[in-house]
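Structure file entry_39.cif with mmCIF, C-alpha atoms and all ligand atoms:
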```cif
data_work
loop_
_atom_site.label_atom_id
_atom_site.label_comp_id
_atom_site.auth_asym_id
_atom_site.auth_seq_id
_atom_site.Cartn_x
_atom_site.Cartn_y
_atom_site.Cartn_z
CA MET A 248 -23.10 -34.58 40.31
CA THR A 249 -25.87 -33.38 42.63
CA THR A 250 -24.79 -31.84 45.87
CA PRO A 251 -26.15 -32.66 49.32
CA ARG A 252 -27.47 -29.12 49.61
CA ASN A 253 -29.68 -29.52 46.56
CA HIS A 254 -31.06 -32.68 48.02
CA LEU A 255 -31.83 -31.22 51.42
CA SER A 256 -34.87 -29.35 50.21
CA GLN A 257 -36.30 -32.31 48.35
CA PHE A 258 -35.46 -35.43 50.28
CA SER A 259 -35.41 -36.78 53.78
CA ARG A 260 -32.51 -36.34 56.16
CA ARG A 261 -31.75 -40.03 55.75
CA SER A 262 -31.34 -39.57 52.02
CA PHE A 263 -29.12 -36.54 52.67
CA LEU A 264 -26.84 -38.55 54.95
CA GLN A 265 -26.57 -41.31 52.38
CA ASP A 266 -25.67 -38.80 49.71
CA ALA A 267 -23.17 -37.08 51.94
CA ALA A 268 -21.48 -40.39 52.58
CA ALA A 269 -21.35 -41.02 48.83
CA VAL A 270 -19.78 -37.62 48.25
CA LEU A 271 -17.14 -38.25 50.90
CA ALA A 272 -16.33 -41.62 49.36
CA LEU A 273 -15.93 -40.00 45.96
CA ALA A 274 -13.75 -37.24 47.40
CA ALA A 275 -11.42 -39.81 48.91
CA ALA A 276 -11.03 -41.46 45.51
CA GLN A 277 -10.01 -38.24 43.72
CA PRO A 278 -6.92 -36.05 44.06
CA LEU A 279 -7.58 -33.68 46.94
CA ALA A 280 -6.43 -30.53 45.13
CA ALA A 281 -9.17 -30.68 42.54
CA GLN A 282 -11.96 -30.85 45.08
CA GLY A 283 -14.18 -27.83 45.31
CA ASP A 284 -12.35 -25.83 42.62
CA ASP A 285 -14.76 -23.86 40.50
CA PHE A 286 -12.03 -23.12 38.00
CA ASP A 287 -9.07 -24.94 36.44
CA LEU A 288 -7.72 -21.59 35.33
CA ILE A 289 -8.35 -17.97 36.20
CA VAL A 290 -7.07 -15.22 33.91
CA SER A 291 -6.61 -12.57 36.52
CA GLY A 292 -6.66 -8.78 36.40
CA GLY A 293 -6.47 -8.12 32.64
CA THR A 294 -8.48 -5.55 30.73
CA VAL A 295 -11.11 -7.73 29.14
CA ILE A 296 -12.45 -6.56 25.79
CA ASP A 297 -15.44 -8.58 24.65
CA PRO A 298 -17.47 -6.64 22.07
CA TYR A 299 -20.24 -9.26 21.98
CA ASN A 300 -20.97 -8.67 25.67
CA ALA A 301 -20.13 -4.92 25.50
CA LEU A 302 -17.34 -5.45 28.01
CA ASN A 303 -14.22 -3.33 28.33
CA LYS A 304 -12.92 -3.40 31.90
CA VAL A 305 -10.62 -5.09 34.34
CA VAL A 306 -12.18 -8.41 35.35
CA ASP A 307 -11.16 -12.03 35.75
CA VAL A 308 -12.06 -14.86 33.43
CA GLY A 309 -12.78 -18.24 35.02
CA ILE A 310 -12.28 -21.39 32.97
CA LYS A 311 -13.12 -25.00 33.69
CA ALA A 312 -12.82 -28.08 31.48
CA GLY A 313 -11.95 -26.00 28.42
CA LYS A 314 -14.93 -23.68 28.71
CA ILE A 315 -15.48 -20.18 30.03
CA THR A 316 -17.54 -20.41 33.19
CA GLN A 317 -17.53 -16.88 34.59
CA VAL A 318 -16.31 -13.37 33.76
CA ALA A 319 -16.33 -11.20 36.88
CA GLY A 320 -14.11 -9.38 39.35
CA GLY A 321 -12.52 -11.15 42.31
CA LEU A 322 -12.83 -14.78 41.21
CA LYS A 323 -11.46 -17.06 43.93
CA PRO A 324 -8.98 -19.76 42.94
CA GLY A 325 -9.24 -23.18 44.57
CA ALA A 326 -6.23 -25.22 45.65
CA GLY A 327 -5.82 -26.69 42.17
CA THR A 328 -6.57 -23.58 40.12
CA ARG A 329 -3.86 -22.09 37.95
CA VAL A 330 -3.88 -18.31 38.06
CA LEU A 331 -2.55 -16.57 34.97
CA ASP A 332 -1.58 -13.00 35.82
CA ALA A 333 -2.94 -10.70 33.11
CA GLN A 334 -2.28 -7.36 34.80
CA GLY A 335 -1.25 -4.80 32.22
CA LEU A 336 -2.50 -6.99 29.39
CA TYR A 337 -5.60 -6.96 27.24
CA VAL A 338 -7.69 -10.11 27.24
CA SER A 339 -9.95 -10.80 24.27
CA PRO A 340 -11.71 -13.71 22.67
CA GLY A 341 -9.15 -15.70 20.67
CA TRP A 342 -8.06 -13.95 17.50
CA ILE A 343 -9.52 -15.33 14.27
CA ASP A 344 -7.77 -15.22 10.89
CA LEU A 345 -10.04 -16.32 8.06
CA HIS A 346 -7.35 -16.00 5.39
CA THR A 347 -4.23 -18.12 5.88
CA HIS A 348 -2.46 -20.63 3.66
CA VAL A 349 -1.58 -23.73 5.63
CA PHE A 350 -2.21 -26.71 3.32
CA ALA A 351 1.17 -27.88 2.09
CA ALA A 352 0.43 -30.17 -0.84
CA GLY A 353 0.41 -30.06 -4.61
CA ASP A 354 1.55 -26.65 -5.72
CA SER A 355 0.76 -25.13 -2.32
CA ALA A 356 4.43 -24.47 -1.72
CA GLU A 357 3.24 -21.19 -0.29
CA ALA A 358 1.83 -22.84 2.84
CA VAL A 359 3.10 -21.86 6.28
CA HIS A 360 2.84 -23.91 9.47
CA PRO A 361 -0.66 -23.71 10.94
CA ASP A 362 0.39 -23.50 14.61
CA ARG A 363 3.83 -21.92 14.46
CA ASP A 364 3.33 -19.32 11.75
CA ALA A 365 -0.40 -18.59 11.54
CA GLY A 366 -2.06 -19.97 14.66
CA VAL A 367 -1.67 -20.31 18.40
CA TYR A 368 2.02 -19.38 18.56
CA THR A 369 1.13 -16.03 17.03
CA GLY A 370 -1.89 -15.48 19.29
CA VAL A 371 -4.48 -16.73 16.79
CA THR A 372 -6.80 -19.49 18.04
CA THR A 373 -8.85 -20.04 14.87
CA ILE A 374 -7.62 -19.93 11.28
CA ALA A 375 -9.19 -20.75 7.95
CA ASP A 376 -7.48 -21.76 4.73
CA PRO A 377 -9.53 -20.41 1.86
CA GLY A 378 -8.97 -22.34 -1.31
CA GLY A 379 -5.50 -23.74 -0.66
CA PHE A 380 -7.07 -27.17 -1.13
CA ARG A 381 -9.45 -28.50 -3.77
CA SER A 382 -12.48 -30.66 -2.90
CA ASP A 383 -10.62 -33.76 -4.08
CA GLU A 384 -7.89 -32.90 -1.54
CA PHE A 385 -10.19 -32.22 1.37
CA ASP A 386 -9.56 -35.55 3.11
CA ALA A 387 -5.83 -34.82 3.12
CA PHE A 388 -6.49 -31.32 4.43
CA ARG A 389 -8.56 -32.71 7.30
CA ARG A 390 -6.07 -35.48 8.10
CA ASP A 391 -2.82 -33.51 7.75
CA VAL A 392 -3.81 -30.04 8.90
CA ILE A 393 -7.11 -29.87 10.79
CA ASP A 394 -6.58 -33.00 12.88
CA LYS A 395 -2.89 -32.33 13.60
CA SER A 396 -3.16 -28.71 14.67
CA VAL A 397 -3.64 -27.24 18.12
CA THR A 398 -5.13 -24.20 16.40
CA ARG A 399 -8.75 -24.63 15.29
CA VAL A 400 -8.48 -24.95 11.51
CA LEU A 401 -11.40 -24.30 9.19
CA GLY A 402 -11.58 -23.95 5.43
CA PHE A 403 -13.31 -22.70 2.34
CA THR A 404 -12.93 -25.27 -0.41
CA ASN A 405 -11.65 -23.98 -3.73
CA VAL A 406 -14.39 -23.65 -6.34
CA ALA A 407 -12.10 -25.72 -8.56
CA ALA A 408 -12.66 -29.30 -7.39
CA HIS A 409 -9.40 -30.44 -8.99
CA ARG A 410 -5.95 -28.94 -9.20
CA GLN A 411 -5.02 -27.21 -12.45
CA LYS A 412 -2.22 -28.38 -14.74
CA PRO A 413 1.15 -26.81 -13.87
CA GLY A 414 1.45 -23.27 -15.17
CA GLU A 415 -2.26 -22.87 -15.96
CA PRO A 416 -4.72 -20.56 -14.23
CA MET A 417 -6.24 -22.16 -11.12
CA GLN A 418 -9.81 -21.80 -12.37
CA GLY A 419 -9.26 -21.31 -16.07
CA GLU A 420 -10.43 -24.62 -17.58
CA TRP A 421 -13.78 -26.41 -17.49
CA SER A 422 -12.02 -29.64 -16.48
CA VAL A 423 -11.06 -28.39 -13.00
CA PHE A 424 -14.70 -27.97 -11.93
CA ASP A 425 -16.98 -30.63 -10.48
CA GLN A 426 -19.94 -28.97 -8.82
CA GLU A 427 -21.33 -32.24 -7.53
CA LEU A 428 -18.10 -33.05 -5.72
CA THR A 429 -17.71 -29.49 -4.43
CA ILE A 430 -21.26 -29.31 -3.11
CA ASN A 431 -21.14 -32.80 -1.56
CA THR A 432 -17.79 -32.11 0.09
CA ILE A 433 -19.11 -28.99 1.76
CA ALA A 434 -22.43 -30.57 2.71
CA LYS A 435 -20.68 -33.50 4.42
CA ASN A 436 -18.10 -31.39 6.25
CA LYS A 437 -19.92 -28.35 7.52
CA ASP A 438 -18.24 -28.72 10.91
CA VAL A 439 -15.09 -27.31 9.32
CA LEU A 440 -16.01 -26.03 5.86
CA MET A 441 -17.42 -22.51 5.88
CA GLY A 442 -18.03 -22.25 2.15
CA VAL A 443 -16.34 -21.80 -1.21
CA LYS A 444 -13.33 -19.73 -2.21
CA VAL A 445 -13.25 -18.21 -5.66
CA LEU A 446 -10.46 -16.14 -7.16
CA SER A 447 -12.41 -13.60 -9.20
CA SER A 448 -9.50 -12.22 -11.14
CA ASN A 449 -7.92 -12.40 -14.56
CA ARG A 450 -4.86 -14.29 -13.29
CA HIS A 451 -6.90 -17.13 -11.82
CA ALA A 452 -10.07 -17.30 -13.93
CA GLY A 453 -8.38 -16.84 -17.30
CA ASN A 454 -10.84 -16.74 -20.18
CA LEU A 455 -13.65 -18.06 -17.99
CA ALA A 456 -13.91 -14.58 -16.45
CA LEU A 457 -17.06 -14.53 -14.29
CA THR A 458 -17.93 -18.23 -14.59
CA PRO A 459 -15.98 -19.45 -11.51
CA THR A 460 -17.69 -16.76 -9.41
CA LYS A 461 -21.11 -17.97 -10.58
CA LEU A 462 -20.18 -21.57 -9.77
CA ALA A 463 -19.01 -20.54 -6.29
CA VAL A 464 -22.30 -18.75 -5.66
CA GLN A 465 -24.24 -21.83 -6.74
CA ALA A 466 -22.22 -24.13 -4.44
CA ALA A 467 -22.60 -21.77 -1.49
CA ARG A 468 -26.35 -21.38 -1.95
CA GLU A 469 -26.86 -25.12 -2.32
CA THR A 470 -25.03 -25.76 0.94
CA GLY A 471 -26.18 -22.74 2.92
CA THR A 472 -22.60 -21.54 3.30
CA HIS A 473 -20.54 -18.53 2.21
CA VAL A 474 -18.61 -17.47 -0.86
CA MET A 475 -15.25 -15.92 -0.12
CA ALA A 476 -14.30 -13.97 -3.24
CA HIS A 477 -10.71 -12.90 -3.87
CA ILE A 478 -10.78 -9.76 -5.97
CA GLY A 479 -8.06 -8.71 -8.37
CA MET A 480 -7.30 -7.51 -11.86
CA ALA A 481 -10.22 -7.57 -14.32
CA PRO A 482 -11.70 -9.32 -16.14
CA PRO A 483 -14.07 -9.96 -14.50
CA LEU A 484 -14.84 -6.38 -13.50
CA ILE A 485 -15.18 -5.78 -9.77
CA GLN A 486 -18.68 -4.44 -10.42
CA GLU A 487 -19.71 -7.74 -12.03
CA VAL A 488 -18.22 -9.76 -9.18
CA LEU A 489 -19.95 -7.68 -6.48
CA ASN A 490 -23.27 -7.99 -8.29
CA GLN A 491 -23.04 -11.79 -8.13
CA LEU A 492 -22.59 -11.92 -4.35
CA GLY A 493 -25.38 -12.20 -1.83
CA PRO A 494 -26.05 -11.91 1.91
CA GLY A 495 -23.29 -13.51 3.97
CA ASP A 496 -20.77 -13.66 1.15
CA ILE A 497 -17.32 -12.29 1.85
CA VAL A 498 -15.03 -10.11 -0.26
CA THR A 499 -11.42 -10.67 0.76
CA HIS A 500 -8.61 -8.21 -0.12
CA CYS A 501 -11.03 -5.30 0.37
CA PHE A 502 -8.17 -2.79 0.79
CA LYS A 503 -6.59 -3.53 -2.58
CA GLY A 504 -5.56 -0.42 -4.45
CA PHE A 505 -6.99 0.84 -7.74
CA PRO A 506 -7.55 -0.62 -10.35
CA MET A 507 -7.98 -3.99 -8.59
CA GLY A 508 -10.19 -3.10 -5.66
CA ILE A 509 -13.53 -1.67 -4.67
CA PHE A 510 -12.52 1.99 -5.05
CA HIS A 511 -12.55 4.28 -8.04
CA SER A 512 -9.31 6.06 -8.94
CA ASP A 513 -10.61 9.14 -7.11
CA GLY A 514 -11.00 7.11 -3.91
CA ARG A 515 -14.78 6.66 -3.80
CA PRO A 516 -16.10 3.12 -3.32
CA VAL A 517 -17.79 1.89 -6.51
CA PRO A 518 -21.62 2.05 -6.21
CA GLU A 519 -21.79 -1.75 -6.48
CA ALA A 520 -19.75 -2.01 -3.27
CA TRP A 521 -22.31 0.08 -1.38
CA LYS A 522 -25.12 -2.00 -2.89
CA ALA A 523 -23.36 -5.23 -1.91
CA LEU A 524 -22.86 -3.92 1.62
CA GLU A 525 -26.55 -3.09 1.95
CA HIS A 526 -27.34 -6.51 0.59
CA GLY A 527 -25.32 -8.21 3.38
CA VAL A 528 -21.96 -8.81 1.69
CA ARG A 529 -19.09 -8.55 4.19
CA PHE A 530 -15.58 -7.15 3.70
CA ASP A 531 -12.40 -8.84 4.89
CA LEU A 532 -8.89 -7.43 4.81
CA GLY A 533 -6.75 -10.31 3.43
CA HIS A 534 -3.44 -8.38 3.57
CA GLY A 535 -1.06 -10.72 1.76
CA ALA A 536 1.83 -9.73 -0.44
CA GLY A 537 -0.32 -7.73 -2.85
CA SER A 538 -3.61 -6.78 -1.26
CA PHE A 539 -3.27 -4.08 1.38
CA ALA A 540 -2.74 -0.51 0.24
CA TRP A 541 -2.63 2.37 2.73
CA ILE A 542 -4.42 4.51 0.19
CA ALA A 543 -7.34 2.06 -0.11
CA ALA A 544 -7.65 1.68 3.67
CA ARG A 545 -7.76 5.47 4.00
CA ASN A 546 -10.32 5.69 1.18
CA ALA A 547 -12.52 3.30 3.15
CA LEU A 548 -12.14 5.32 6.35
CA LYS A 549 -12.72 8.61 4.58
CA HIS A 550 -15.94 7.35 3.00
CA ASN A 551 -17.04 5.41 6.07
CA PHE A 552 -16.90 2.10 4.26
CA PRO A 553 -16.67 -0.63 6.93
CA LEU A 554 -14.11 -3.35 7.51
CA HIS A 555 -15.79 -6.41 9.01
CA SER A 556 -12.84 -8.67 9.59
CA LEU A 557 -9.07 -8.59 9.80
CA SER A 558 -7.11 -11.35 8.07
CA THR A 559 -3.51 -11.71 7.06
CA ASP A 560 -3.40 -13.86 3.90
CA ILE A 561 -0.21 -15.15 5.46
CA HIS A 562 1.88 -17.43 3.28
CA ARG A 563 5.56 -17.89 2.48
CA GLY A 564 5.54 -14.86 0.24
CA SER A 565 4.12 -12.52 2.88
CA ILE A 566 5.33 -13.84 6.25
CA LYS A 567 8.75 -12.17 6.00
CA GLY A 568 7.03 -8.89 5.23
CA PRO A 569 4.90 -7.07 4.53
CA VAL A 570 2.54 -9.11 6.75
CA TRP A 571 4.84 -10.66 9.42
CA SER A 572 2.01 -11.67 11.72
CA TYR A 573 -1.57 -11.11 12.81
CA GLY A 574 -0.45 -8.79 15.63
CA ARG A 575 1.62 -6.66 13.26
CA THR A 576 -1.40 -6.42 10.95
CA MET A 577 -3.49 -5.25 13.92
CA ALA A 578 -0.87 -2.56 14.55
CA LYS A 579 -1.61 -1.23 11.07
CA LEU A 580 -5.22 -0.67 12.09
CA LEU A 581 -4.11 1.26 15.18
CA HIS A 582 -1.86 3.34 12.94
CA LEU A 583 -4.87 4.07 10.72
CA GLY A 584 -6.78 5.36 13.73
CA PHE A 585 -8.75 2.35 14.98
CA THR A 586 -9.20 2.24 18.76
CA VAL A 587 -8.11 -0.90 20.61
CA PRO A 588 -11.74 -2.11 21.05
CA GLU A 589 -12.47 -1.47 17.36
CA MET A 590 -9.35 -3.43 16.44
CA VAL A 591 -10.37 -6.28 18.76
CA LYS A 592 -13.85 -6.41 17.24
CA VAL A 593 -12.62 -6.94 13.68
CA SER A 594 -10.18 -9.58 14.97
CA THR A 595 -12.66 -11.62 17.00
CA LEU A 596 -16.42 -11.05 16.79
CA GLY A 597 -16.24 -9.70 13.22
CA PRO A 598 -14.71 -12.79 11.60
CA ALA A 599 -16.70 -15.11 13.90
CA GLU A 600 -19.94 -13.52 12.68
CA LEU A 601 -18.82 -13.96 9.07
CA ILE A 602 -18.89 -17.71 9.64
CA ASP A 603 -22.05 -17.70 11.79
CA ARG A 604 -20.17 -18.39 15.01
CA GLY A 605 -20.33 -14.95 16.64
CA ARG A 606 -21.18 -16.00 20.16
CA GLU A 607 -19.44 -19.37 20.01
CA LEU A 608 -16.00 -18.21 18.81
CA GLY A 609 -16.20 -14.43 19.03
CA SER A 610 -17.26 -13.89 22.62
CA LEU A 611 -16.33 -14.71 26.20
CA SER A 612 -19.86 -15.80 27.10
CA ALA A 613 -20.21 -18.45 29.81
CA GLY A 614 -20.39 -21.93 28.32
CA THR A 615 -18.41 -21.12 25.17
CA VAL A 616 -15.02 -22.62 24.36
CA ALA A 617 -12.16 -21.03 26.30
CA ASP A 618 -10.24 -19.59 23.35
CA LEU A 619 -8.61 -16.32 24.41
CA THR A 620 -5.72 -14.10 23.45
CA LEU A 621 -3.77 -12.08 26.00
CA PHE A 622 -1.84 -9.29 24.36
CA ARG A 623 -0.12 -6.01 24.95
CA VAL A 624 -0.03 -2.83 22.96
CA VAL A 625 3.58 -1.71 23.10
CA ASP A 626 4.70 1.87 22.60
CA GLN A 627 7.44 1.28 20.08
CA LYS A 628 8.42 2.75 16.74
CA THR A 629 7.46 0.09 14.22
CA THR A 630 7.89 0.14 10.46
CA LEU A 631 4.56 -0.74 8.89
CA THR A 632 4.69 -1.61 5.21
CA ASP A 633 1.78 -2.10 2.84
CA SER A 634 1.67 -4.47 -0.10
CA LEU A 635 2.82 -1.73 -2.48
CA ARG A 636 5.94 -1.54 -0.27
CA ASN A 637 5.08 1.89 1.09
CA SER A 638 6.44 2.06 4.64
CA GLU A 639 5.11 4.27 7.41
CA THR A 640 6.36 4.49 10.98
CA GLY A 641 3.82 3.50 13.58
CA ASP A 642 4.29 4.26 17.25
CA ARG A 643 2.66 1.08 18.56
CA ASP A 644 2.95 -2.66 18.02
CA VAL A 645 0.47 -5.35 19.06
CA GLN A 646 2.10 -8.36 20.68
CA PRO A 647 0.42 -11.56 21.89
CA VAL A 648 1.72 -12.72 25.28
CA HIS A 649 -0.37 -15.83 25.94
CA CYS A 650 -2.89 -17.71 23.89
CA ILE A 651 -5.49 -19.99 25.45
CA ARG A 652 -6.94 -22.68 23.22
CA ALA A 653 -9.81 -24.68 24.75
CA GLY A 654 -8.50 -23.88 28.21
CA LYS A 655 -4.86 -24.78 27.48
CA VAL A 656 -2.32 -22.00 27.96
CA ILE A 657 0.36 -21.45 25.31
CA SER A 658 2.95 -18.86 26.22
CA GLU A 659 5.75 -19.27 23.68
CA MET A 660 4.69 -16.49 21.37
CA LYS A 661 6.46 -15.72 18.12
CA ILE A 662 6.77 -11.95 17.76
CA PRO A 663 8.34 -10.42 14.63
CA ALA A 664 11.27 -8.18 15.45
CA ALA A 665 10.74 -4.44 15.38
CA THR A 666 11.86 -3.26 11.98
ZN ZN B 701 -4.90 -15.90 -0.19
#
```

For this file, write the structure as structure tokens.
Amino acid sequence: MTTPRNHLSQFSRRSFLQDAAAVLALAAAQPLAAQGDDFDLIVSGGTVIDPYNALNKVVDVGIKAGKITQVAGGLKPGAGTRVLDAQGLYVSPGWIDLHTHVFAAGDSAEAVHPDRDAGVYTGVTTIADPGGFRSDEFDAFRRDVIDKSVTRVLGFTNVAAHRQKPGEPMQGEWSVFDQELTINTIAKNKDVLMGVKVLSSNRHAGNLALTPTKLAVQAARETGTHVMAHIGMAPPLIQEVLNQLGPGDIVTHCFKGFPMGIFHSDGRPVPEAWKALEHGVRFDLGHGAGSFAWIAARNALKHNFPLHSLSTDIHRGSIKGPVWSYGRTMAKLLHLGFTVPEMVKVSTLGPAELIDRGRELGSLSAGTVADLTLFRVVDQKTTLTDSLRNSETGDRDVQPVHCIRAGKVISEMKIPAAT
């Protein structure tokens, strides 16, 4: 709506008076409290960490109609503005977990609840399910998970277009593939499909070894999307898998221990990992029940090998430990020596950039969706266990307090007990 003031410079006084009368009439027709409010919600007085905008200070975040409108100190609430007190809390773009298992169908008995276990009730505003569904199950995934969740749910379709026979490797038979269906499914659903998931390991590829990885690369290139490659026990060799990947592809489970991961037994990253990194391949944590080893994480830090994104690989087999939650996984990074802003970056902007949505989902820029996480870093002895069941005692935990999804505040956070 144009305001009388805008009109004053352009139109006659008569026109101004007519407009003013129209504004008054409109005001009378609307609830009084909403009039003149610049914000529906102000997140007030938190330490805002927004790596995209190089921000790390105490400011307010103003939100209107589900979008961020202003980030500045001293924002003034109107009569109808809700003020959410964030003093003593960190405020970041909403956490993003690109590796969760939330599609409960077929043999996906490992799925957890998208909102309660992986999403907004754990402080995470965007999740992706990589490969829990096949292309021939995508419609069910959209209907039953994406459309029914408060959390934004995205996916990487499994390179296998069809589900395997019970007891057989997921990608071990020619009959499970249908490149035409896979490519068409991604092409038609790029609003929510970020690419193709391939499990580049002996257990999943069987005698087809590197073939599923090659098929995933083809489908991703044809659709302009990303491969997310799970790495594991050879064959195929990790070197062969890394050599297949290109710019924008993602290796998940990057802190797996030898002999399954990207490090030699002496701790050095394999040369192909450096080459892949230079080539634009990105590295995602994917903790899970078997894919996060303290020793591998420390190898990466020692050799300055980067982590681009934090993800949990949360499913029924990891949610009761060693993963527990996204926040508890963040605490592991603090324990390894990450600073709070570094930890926030790999939990927000990092994963958002991996799916080409850096500014849109990974920042608090004006005009972007109001997805935020308000959290505290608690000084508390916390048992932190890796996937090899090696426990270390951390002195901090990361706990979400409120989650804001498209401007809506959710405050009933599920925090795993201190162990
Ligand atoms: Zn997984």

(Q) Counting all atoms listed in the file, what are the residues, protein, DNA or RNA alike, that approach ligand ZN 701 (chain B) to within 10 Å? I want them as an NGL selection string. (A) :A and (345-348 or 357 or 376-379 or 444 or 446 or 477 or 499-500 or 533-538 or 558-562)

Q | Residue neighbourhood Arg575 in chain A, 8 Å, all atoms listed in the file, exclusion window fewer than 6 positions, as a PyMOL selection string | A | chain A and resi 631+644-646+663

Q: Would you mind telling me which residue in A:His555, A:Met590, A:His511, A:Pro340 lies nearest to Val295 in chain A when using all atoms listed in the file?
A: A:Pro340

For range 448-523 of chain A versus range 424-427 of chain A, which residues have an atom no more than 10 Å away, and what is each residue's nearest atom pair and distance in Å rounded to one decimal, using all atoms listed in the file, chain-then-number order, as JSON lines?
```
{"residue": "A:Pro459", "atom": "CA", "partner": "A:Phe424", "partner_atom": "CA", "distance": 8.6}
{"residue": "A:Leu462", "atom": "CA", "partner": "A:Gln426", "partner_atom": "CA", "distance": 7.5}
{"residue": "A:Ala463", "atom": "CA", "partner": "A:Gln426", "partner_atom": "CA", "distance": 8.9}
{"residue": "A:Gln465", "atom": "CA", "partner": "A:Gln426", "partner_atom": "CA", "distance": 8.6}
{"residue": "A:Ala466", "atom": "CA", "partner": "A:Gln426", "partner_atom": "CA", "distance": 6.9}
```

Q.
For a quick check of understanding, using only C-alpha atoms, which of A:Asp383, A:Asp394, A:Glu420, A:Asp603 has the smallest distance to Gly471 in chain A?
A.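 Looking at the shortest contact to Gly471 in chain A, the residue is A:Asp603.
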
Q) Out of A:Met417, A:Met441, A:Ala481, A:Leu601, which residue has the shortest atom-to-atom distance to Ile497 in chain A when counting only C-alpha atoms? A)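 Closest to Ile497 in chain A of all the choices is A:Leu601.
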
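Using all atoms listed in the file, the shortest contact distance between Pro361 in chain A and any of A:Thr458, A:Thr632, A:Thr472, A:Ser396 is found at A:Ser396.
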
Q) So which one's closest to Gly325 in chain A, A:Asp285, A:Ala365, A:Thr404, A:Ala358? Using all atoms listed in the file, please. A) A:Asp285

Q: Pick out the closest residue to Gly335 in chain A from this set: A:Glu487, A:Val528, A:Lys304, A:His409. Count all atoms listed in the file.
A: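 Smallest separation from Gly335 in chain A among the options: A:Lys304.
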
Q: Grab the CA of Pro553 in chain A to CA of Lys522 in chain A distance for me, in Å with one decimal place.
A: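 Atom-to-atom, CA of Pro553 in chain A and CA of Lys522 in chain A are spaced 13.0 Å apart.
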
**Q.** Local residues around (-6.3, -15.9, 32.2), at most 9 Å away, using only C-alpha atoms, as a list in words
**A.**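 Within 9 Å of (-6.3, -15.9, 32.2), the protein and nucleic acid residues are Leu288, Ile289, Val290, Ser291, Gly292, Gly293, Asp307, Val308, Gly309, Ile310, Arg329, Val330, Leu331, Asp332, Ala333, Val338, Leu619, Thr620, Leu621, His649, Ile651 and Val656 of chain A.
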
Given the selection you just returned, output its residues as a file containing C-alpha atoms, formatted as a short mmCIF file (atom, residue, chain, number, x, y, z; two decimals), keeping the file's coordinate frame.
```
data_model
loop_
_atom_site.label_atom_id
_atom_site.label_comp_id
_atom_site.auth_asym_id
_atom_site.auth_seq_id
_atom_site.Cartn_x
_atom_site.Cartn_y
_atom_site.Cartn_z
CA LEU A 288 -7.72 -21.59 35.33
CA ILE A 289 -8.35 -17.97 36.20
CA VAL A 290 -7.07 -15.22 33.91
CA SER A 291 -6.61 -12.57 36.52
CA GLY A 292 -6.66 -8.78 36.40
CA GLY A 293 -6.47 -8.12 32.64
CA ASP A 307 -11.16 -12.03 35.75
CA VAL A 308 -12.06 -14.86 33.43
CA GLY A 309 -12.78 -18.24 35.02
CA ILE A 310 -12.28 -21.39 32.97
CA ARG A 329 -3.86 -22.09 37.95
CA VAL A 330 -3.88 -18.31 38.06
CA LEU A 331 -2.55 -16.57 34.97
CA ASP A 332 -1.58 -13.00 35.82
CA ALA A 333 -2.94 -10.70 33.11
CA VAL A 338 -7.69 -10.11 27.24
CA LEU A 619 -8.61 -16.32 24.41
CA THR A 620 -5.72 -14.10 23.45
CA LEU A 621 -3.77 -12.08 26.00
CA HIS A 649 -0.37 -15.83 25.94
CA ILE A 651 -5.49 -19.99 25.45
CA VAL A 656 -2.32 -22.00 27.96
#
```

Q: Take CA of Phe502 in chain A and CA of Met577 in chain A and report the distance between them in Å, one decimal.
A: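 Result for CA of Phe502 in chain A versus CA of Met577 in chain A: 14.2 Å, one decimal.
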
Q: Calculate how many Å separate CA of Ser382 in chain A from CA of Thr432 in chain A, rounding to one decimal.
A: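 Between CA of Ser382 in chain A and CA of Thr432 in chain A the gap is 6.3 Å.
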
Q) Could you pull the residues within 10 Å of Ala617 in chain A, counting only C-alpha atoms, minus those fewer than 5 positions along the same chain, as a list in words? A)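 My list of contacting residues is Val308, Gly309, Ile310, Lys311, Ala312, Gly313, Lys314, Ile315, Thr316, Pro340, Gly341, Thr372, Glu607, Leu608, Ser610, Leu611, Ser612, Ile651, Arg652, Ala653, Gly654 and Lys655 of chain A.
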
Q: Please work out which residues fall within 12 Å of (2.9, 4.3, 2.3), coordinates as given in the file, with all atoms listed in the file counting, and return them as a list in words.
A: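 The answer, in the requested form, is Gly504, Phe539, Ala540, Trp541, Ile542, Ala543, Ala544, Arg545, Pro569, Lys579, His582, Leu583, Thr630, Leu631, Thr632, Asp633, Ser634, Leu635, Arg636, Asn637, Ser638, Glu639, Thr640 and Gly641 of chain A.
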